[in-house]
Every structure is written in C-alpha cells, then in structure tokens.
Amino acid sequence: MLRVRCLRGGSRGAEAAHYIGSRLRGAFTGWVQRTFQSTQAAAASQNTCAADDKAASPVPKDCLVCSYNEWDPLEEVIVGRAENACVPPFSVEVKANTYEKYWGFYQKFGGQGFPKDHLKKAIAEIEEMCNILKGEGVIVKRPDPIDWSVKYKTPDFESTGMYGAMPRDILLVVGNEIIEAPMAWRARFFEYRAYRRLIKDYFNSGAKWTTAPKPTMADELYDQNYPIHSVEDRHKLAAQGKFVTTEFEPCFDAADFIRAGRDIFVQRSQVTNYMGIEWMRRHLAPDYRVHIISFKDPNPMHIDATFNIIGPGLVLSNPDRPCHQIELFKKAGWTVIQPPVPLIPDDHPLWMSSKWLSMNVLMLDEKRVMVDANETSIQKMFEKLGISTIRVNIRHANSLGGGFHCWTCDIRRRGTLQSYFD
C-alpha cells in the first residue's frame, strides 16, 4: 500500500545497542523498551535466524488460503476497488503521511470523492489488471463496493471513510491465516467491512481468521503537535524514532510487514507502533520470527516501496531510503538490488504516495513480475535478472496510494514454509 508509500534498518554488538538506545531512551514504558531491545537484538545478532524446533501446523487439505512469501507461484489474489474512493479528512495522522504540496488538496476535498475523471481512469486500469492476472492463470477476487462518503462516529472521533483499494494495507496472510490489521488512520477504521464477505468464505474453507485488537483511535494515539512543516523536520524526527502515532495502544497496517517464509520483517512507521509489532511477534511465535528493520526515510508508511522481497535471497532496496540492517541480509547470502530511479513525471498527482511505487511490484512467481508499463528502466533491470515482465499501466491508480503490491493481497501461493536465513 506503500510500499513505503511516502504517503503512503543495524549492526551487532555495541553499535546495535547504541542505535536502539538512542531511539528508545525516555520514550516508552519499560516493557515496550525491553521488548523492542530483545526483538531488535535477535534480528541483529549473528544467530538471529536459528531454526525453531517446532514446525508450523500443516494447512488443511481443502483450505483456499496458503501463502508464506512474496514469490511462490501465485494462484489466487484479492485485488482492491477504486469505486467510491474518498479523500480522507485532513487529520493529524493524514498530515503526517502526506507531502505539504498536497495539503491544500486534502483541506479542500477531505470527506469527498476523488476527482471523477481521474477515478474513472483508475477503475479502468485496475479492471485491465484483473483481466491480465486472470489471463496468467490467477483467480481474482474483489472486495465489496461501499459508500465511503458516509459519516460515522465512535465515542472517540468522527470521520468519513476512504476506500477498499489496498487490500495489502489491511490483510496479512501468513500460512493459512488471514490477519486483519487494526489500522491507524481514522478514515480507515471500518475499511475491513469491504473484505468480510471474502474472509468468511475463506474461513469456511478452513482458513484461520484473526482480527488484531481494534484501537480506539482516541486523541492519545496521536501526537497532536507533530512538527512536520519541512522535509528536514521529517528526516530529523524519523532519525530520532519519533512518529505521529504514540504507544497509547497497539496499531499497525499490514503493509508494514513483508514475508520471507519463517522470517517476517517490519518497520516502525507513522502507522505501525512498537505495541502493534509486539502483538504480532507474540501472536506469530514460535513458528515465525518477526524482525524490526528501519530505514533512512523521512516519512515511513508501508514497507514495500522501500524494501520489497522478490525472491529467495533477492530483495529490492530503495537507494533513497537505505536499510540500517542491510548487513543481516548480506551475511545470509542475499543479493540486494537497488532499483533504478522512477520515470513518473513530476506533474503526475501522487496524493498518497511517492514515485518509488515503481518498485512496488507483484511477483507471480520467481520468473514473472507485474510491473508498470511506463517504467522501462525497472523492466530492463528485471530482464537482466532473468525475470519476465508483465507490463500493465496503473498510473492513475498509483495516485490513490499504491502500486501492484499495494492493490493486491495474495491469498494462495503454491509453496511450503521454508527458512531462508538458517
């Protein structure tokens, strides 16, 4: 979703301890600090990826849900809908995840639909994307259309909705389990409703279905005075480990997690806090290992336009947002590839994302990738890697905040649970 969508990280020993301490000192309660330190130390240590003795439970024979990574052969996928998409109200958490040049857009159109002509083109692009996926032998499922302009109120806040466009943001598939993320934007509080029909069908086929604790999204979850008036502010705050979301209660978007078999990587971002990460770590243990990584990113929101794992031992790493823990991957024998600079023009509206959606690709298997038809540079990169490109134009759909990975949630990939870091 991004991906880091922009509107959408260490080393071992003393260096790791210094890195962790500089970000946590005085910022969190004792238990959060101890949890983060132990988790990060595990990720950074030489033996961090030692295999667990306990094997994951086998997937039921007739279950339609089974996916362990980002690259096994794709058999079934959910593709989002742009229909009825609305601009979210310009609240503090939205402001912290958008670029200043678009703040006027949010102030003017918050709570209303996105521009009709643009939305119409985005809808057509996603329909064509679905047709191409079907032509590649993939089963495509779609969420329900919902009127996202309806106002709602909880005891803690009022808002309108946003969309059901980015299933990657709200759903994380781990083995035969579908995990509904709690989210962090108030405009996305009820977004799960678009997917409930599908999830019930998968549950009835034998899948596990987990809903993470729903946050109240009360004012205490957000730093109401978060200072982000310049890119310099954003870089400084991110380097200090300060984000618009607090540790008041767990929150996370599913798109801040990315899977590599038994190992799952996550970033602390504007929408995912340490409490949310710790909930996931405990929930998935001992069968899966959750590792915190971080980046030189002024506006972290979603990992897959910053760090996109595309195969066993192969990862795309954004050159503008270097990973602080990249040695963990290199020492495990992984190949780290820096994708080329995106080609999207400056005048194209990206209300909720950055140009780096060019690397937000969807792997159909290890040798096939769905990539933007306009991004010829990254197409050539994949071809040099021996990966065939399936080219689709979703330039207008990009404006809503996501690339191919964001617009999809892989439900079933043909493969088994493996460890790639042992």
# chains A, B, ... in the order shown; residues from 1 in each chain; ligands from 1
call {"tool": "residues_around", "arguments": {"residues": "Trp351 in chain A", "least_positions_apart": "6", "cutoff": "8 Å", "atoms": "only C-alpha atoms", "output": "MDAnalysis selection string"}}
result
chainID A and resid 7 98:99 102 399:401
call {"tool": "write_last_selection", "arguments": {"atoms": "N, CA and C atoms", "output": "JSON list (two decimals), in the first residue's frame"}}
result
[["chain", "number", "residue", "atom", "x", "y", "z"],
["A", 7, "LEU", "N", 3.32, 8.33, 1.27],
["A", 7, "LEU", "CA", 2.18, 8.92, 1.91],
["A", 7, "LEU", "C", 1.35, 7.89, 2.48],
["A", 98, "THR", "N", 1.50, 12.72, 4.34],
["A", 98, "THR", "CA", 1.33, 13.31, 3.01],
["A", 98, "THR", "C", 2.33, 14.45, 2.83],
["A", 99, "TYR", "N", 2.58, 14.77, 1.58],
["A", 99, "TYR", "CA", 3.51, 15.86, 1.29],
["A", 99, "TYR", "C", 2.80, 17.21, 1.37],
["A", 102, "TYR", "N", 0.43, 18.78, -1.19],
["A", 102, "TYR", "CA", -0.93, 18.26, -1.37],
["A", 102, "TYR", "C", -1.85, 18.60, -0.19],
["A", 399, "SER", "N", -2.05, 7.11, -8.14],
["A", 399, "SER", "CA", -2.36, 8.36, -7.43],
["A", 399, "SER", "C", -3.13, 8.12, -6.13],
["A", 400, "LEU", "N", -3.82, 6.98, -6.05],
["A", 400, "LEU", "CA", -4.60, 6.68, -4.85],
["A", 400, "LEU", "C", -3.74, 6.08, -3.74],
["A", 401, "GLY", "N", -2.46, 5.86, -4.03],
["A", 401, "GLY", "CA", -1.58, 5.47, -2.94],
["A", 401, "GLY", "C", -0.96, 4.10, -3.04]]
call {"tool": "closest_atom_pairs", "arguments": {"of": "range 344-415 of chain A", "to": "range 139-148 of chain A", "cutoff": "10 Å", "atoms": "only C-alpha atoms", "output": "JSON lines"}}
result
{"residue": "A:Thr408", "atom": "CA", "partner": "A:Val140", "partner_atom": "CA", "distance": 9.6}
{"residue": "A:Cys409", "atom": "CA", "partner": "A:Lys141", "partner_atom": "CA", "distance": 9.8}
{"residue": "A:Asp410", "atom": "CA", "partner": "A:Val140", "partner_atom": "CA", "distance": 9.6}
{"residue": "A:Ile411", "atom": "CA", "partner": "A:Lys141", "partner_atom": "CA", "distance": 9.5}
{"residue": "A:Arg412", "atom": "CA", "partner": "A:Ile139", "partner_atom": "CA", "distance": 9.3}
call {"tool": "write_last_selection", "arguments": {"atoms": "N, CA, C and O atoms", "output": "mmCIF file, in the first residue's frame"}}
result
data_model
loop_
_atom_site.group_PDB
_atom_site.id
_atom_site.type_symbol
_atom_site.label_atom_id
_atom_site.label_comp_id
_atom_site.auth_asym_id
_atom_site.auth_seq_id
_atom_site.Cartn_x
_atom_site.Cartn_y
_atom_site.Cartn_z
ATOM 1 N N THR A 408 -3.040 -5.458 -4.172
ATOM 2 C CA THR A 408 -3.330 -6.885 -4.113
ATOM 3 C C THR A 408 -3.030 -7.465 -2.736
ATOM 4 O O THR A 408 -2.251 -6.906 -1.959
ATOM 5 N N CYS A 409 -3.649 -8.599 -2.449
ATOM 6 C CA CYS A 409 -3.262 -9.424 -1.307
ATOM 7 C C CYS A 409 -3.279 -10.866 -1.791
ATOM 8 O O CYS A 409 -4.338 -11.390 -2.158
ATOM 9 N N ASP A 410 -2.113 -11.493 -1.822
ATOM 10 C CA ASP A 410 -2.058 -12.861 -2.328
ATOM 11 C C ASP A 410 -2.638 -13.814 -1.286
ATOM 12 O O ASP A 410 -2.185 -13.883 -0.153
ATOM 13 N N ILE A 411 -3.654 -14.544 -1.698
ATOM 14 C CA ILE A 411 -4.361 -15.475 -0.831
ATOM 15 C C ILE A 411 -3.741 -16.864 -0.890
ATOM 16 O O ILE A 411 -3.618 -17.550 0.124
ATOM 17 N N ARG A 412 -3.331 -17.271 -2.068
ATOM 18 C CA ARG A 412 -2.746 -18.598 -2.194
ATOM 19 C C ARG A 412 -1.569 -18.575 -3.157
ATOM 20 O O ARG A 412 -1.676 -18.094 -4.286
#
call {"tool": "closest_residue", "arguments": {"among": "A:Gly261, A:Glu136, A:Ala96, A:Lys108", "to": "Phe243 in chain A", "atoms": "only C-alpha atoms"}}
result
A:Ala96
call {"tool": "closest_residue", "arguments": {"among": "A:Tyr274, A:Tyr202, A:Tyr226, A:Trp334", "to": "Cys66 in chain A", "atoms": "only C-alpha atoms"}}
result
A:Tyr202
call {"tool": "atom_distance", "arguments": {"atom1": "CA of Asn308 in chain A", "atom2": "CA of Ile293 in chain A"}}
result
12.7 Å
call {"tool": "residues_around", "arguments": {"residues": "Lys134 in chain A", "least_positions_apart": "4", "cutoff": "12 Å", "atoms": "only C-alpha atoms", "output": "list in words"}}
result
Leu74, Glu75, Glu76, Val77, Ile78, Val79, Glu127, Glu128, Met129, Cys130, Val138, Ile139, Val140, Lys141 and Leu364 of chain A
call {"tool": "write_last_selection", "arguments": {"atoms": "C-alpha atoms", "output": "PDB file, in the first residue's frame"}}
result
ATOM      1  CA  LEU A  74       0.501 -17.088  -7.344  1.00  0.00           C
ATOM      2  CA  GLU A  75      -2.809 -18.945  -7.621  1.00  0.00           C
ATOM      3  CA  GLU A  76      -5.399 -16.657  -6.005  1.00  0.00           C
ATOM      4  CA  VAL A  77      -5.383 -12.967  -5.154  1.00  0.00           C
ATOM      5  CA  ILE A  78      -7.633 -10.199  -3.870  1.00  0.00           C
ATOM      6  CA  VAL A  79      -7.497  -7.037  -5.989  1.00  0.00           C
ATOM      7  CA  GLU A 127     -10.095  -3.818 -14.306  1.00  0.00           C
ATOM      8  CA  GLU A 128      -7.482  -4.381 -17.004  1.00  0.00           C
ATOM      9  CA  MET A 129      -5.007  -5.510 -14.361  1.00  0.00           C
ATOM     10  CA  CYS A 130      -7.561  -8.088 -13.156  1.00  0.00           C
ATOM     11  CA  VAL A 138      -4.614 -16.417 -11.367  1.00  0.00           C
ATOM     12  CA  ILE A 139      -8.005 -16.497  -9.624  1.00  0.00           C
ATOM     13  CA  VAL A 140      -9.056 -12.919  -8.838  1.00  0.00           C
ATOM     14  CA  LYS A 141     -11.425 -11.932  -6.035  1.00  0.00           C
ATOM     15  CA  LEU A 364       3.571 -14.003  -9.999  1.00  0.00           C
TER      16      LEU A 364
END
call {"tool": "closest_atom_pairs", "arguments": {"of": "range 241-273 of chain A", "to": "range 417-422 of chain A", "cutoff": "9 Å", "atoms": "only C-alpha atoms", "output": "CSV"}}
result
residue,atom,partner,partner_atom,distance
A:Ala260,CA,A:Tyr420,CA,7.0
A:Gly261,CA,A:Gln418,CA,5.2
A:Arg262,CA,A:Ser419,CA,5.2
A:Asp263,CA,A:Ser419,CA,7.0
call {"tool": "write_last_selection", "arguments": {"atoms": "N, CA and C atoms", "output": "PDB file, in the first residue's frame"}}
result
ATOM      1  N   ALA A 260       9.144 -13.536   4.309  1.00  0.00           N
ATOM      2  CA  ALA A 260      10.150 -14.391   3.669  1.00  0.00           C
ATOM      3  C   ALA A 260      10.130 -15.730   4.392  1.00  0.00           C
ATOM      4  N   GLY A 261       9.060 -16.469   4.224  1.00  0.00           N
ATOM      5  CA  GLY A 261       8.922 -17.753   4.887  1.00  0.00           C
ATOM      6  C   GLY A 261       8.817 -17.603   6.384  1.00  0.00           C
ATOM      7  N   ARG A 262       9.696 -18.286   7.119  1.00  0.00           N
ATOM      8  CA  ARG A 262       9.624 -18.263   8.574  1.00  0.00           C
ATOM      9  C   ARG A 262      10.004 -16.907   9.162  1.00  0.00           C
ATOM     10  N   ASP A 263      10.595 -16.037   8.357  1.00  0.00           N
ATOM     11  CA  ASP A 263      11.021 -14.725   8.835  1.00  0.00           C
ATOM     12  C   ASP A 263      10.160 -13.628   8.227  1.00  0.00           C
TER      13      ASP A 263
END
call {"tool": "residues_around", "arguments": {"residues": "Glu100 in chain A", "least_positions_apart": "6", "cutoff": "12 Å", "atoms": "only C-alpha atoms", "output": "PyMOL selection string"}}
result
chain A and resi 6-7+90+94+106-107+228-231+233-234+299+350-352
call {"tool": "closest_residue", "arguments": {"among": "A:Asp320, A:Glu177, A:Asp117, A:Glu125", "to": "Arg81 in chain A", "atoms": "only C-alpha atoms"}}
result
A:Glu125
call {"tool": "closest_residue", "arguments": {"among": "A:Met280, A:Ala238, A:Met381, A:Ala82", "to": "Ser294 in chain A", "atoms": "only C-alpha atoms"}}
result
A:Ala238
call {"tool": "select_by_dssp", "arguments": {"residues": "range 241-332 of chain A", "states": "alpha helix (DSSP H)", "output": "list in words"}}
result
Tyr274, Met275, Gly276, Ile277, Glu278, Trp279, Met280, Arg281, Arg282, His283, Leu284, Ile326, Glu327, Leu328, Phe329, Lys330 and Lys331 of chain A
call {"tool": "closest_residue", "arguments": {"among": "A:Ile390, A:Ala332, A:Leu198, A:Ala184", "to": "Val271 in chain A", "atoms": "only C-alpha atoms"}}
result
A:Ala184
call {"tool": "residues_around", "arguments": {"residues": "Arg259 in chain A", "least_positions_apart": "4", "cutoff": "12 Å", "atoms": "only C-alpha atoms", "output": "ChimeraX atom specification"}}
result
/A:67-72,172-175,254-255,263-266,288-291,303-304,307-312,315,410,417-420
call {"tool": "select_by_dssp", "arguments": {"residues": "range 190-285 of chain A", "states": "strand (DSSP E or B)", "output": "VMD selection string"}}
result
chain A and resid 208 to 211 222 245 257 to 261 263 to 266
call {"tool": "write_last_selection", "arguments": {"atoms": "C-alpha atoms", "output": "PDB file, in the first residue's frame"}}
result
ATOM      1  CA  LYS A 208      -7.750 -19.236  10.270  1.00  0.00           C
ATOM      2  CA  TRP A 209      -9.182 -15.746  10.758  1.00  0.00           C
ATOM      3  CA  THR A 210      -7.701 -13.327  13.264  1.00  0.00           C
ATOM      4  CA  THR A 211      -8.660  -9.736  13.927  1.00  0.00           C
ATOM      5  CA  TYR A 222      -1.571  10.672  18.020  1.00  0.00           C
ATOM      6  CA  THR A 245       1.439   7.595  16.376  1.00  0.00           C
ATOM      7  CA  PHE A 257       5.182  -6.289   7.178  1.00  0.00           C
ATOM      8  CA  ILE A 258       6.835  -8.283   4.412  1.00  0.00           C
ATOM      9  CA  ARG A 259       7.254 -12.065   4.401  1.00  0.00           C
ATOM     10  CA  ALA A 260      10.150 -14.391   3.669  1.00  0.00           C
ATOM     11  CA  GLY A 261       8.922 -17.753   4.887  1.00  0.00           C
ATOM     12  CA  ASP A 263      11.021 -14.725   8.835  1.00  0.00           C
ATOM     13  CA  ILE A 264       8.811 -11.646   8.676  1.00  0.00           C
ATOM     14  CA  PHE A 265      10.254  -8.134   8.539  1.00  0.00           C
ATOM     15  CA  VAL A 266       8.517  -4.995   9.797  1.00  0.00           C
TER      16      VAL A 266
END
call {"tool": "closest_residue", "arguments": {"among": "A:Gly386, A:Ile394, A:Glu327, A:Trp185", "to": "Gln270 in chain A", "atoms": "only C-alpha atoms"}}
result
A:Trp185
call {"tool": "atom_distance", "arguments": {"atom1": "CA of Glu220 in chain A", "atom2": "CA of Asn273 in chain A"}}
result
13.3 Å
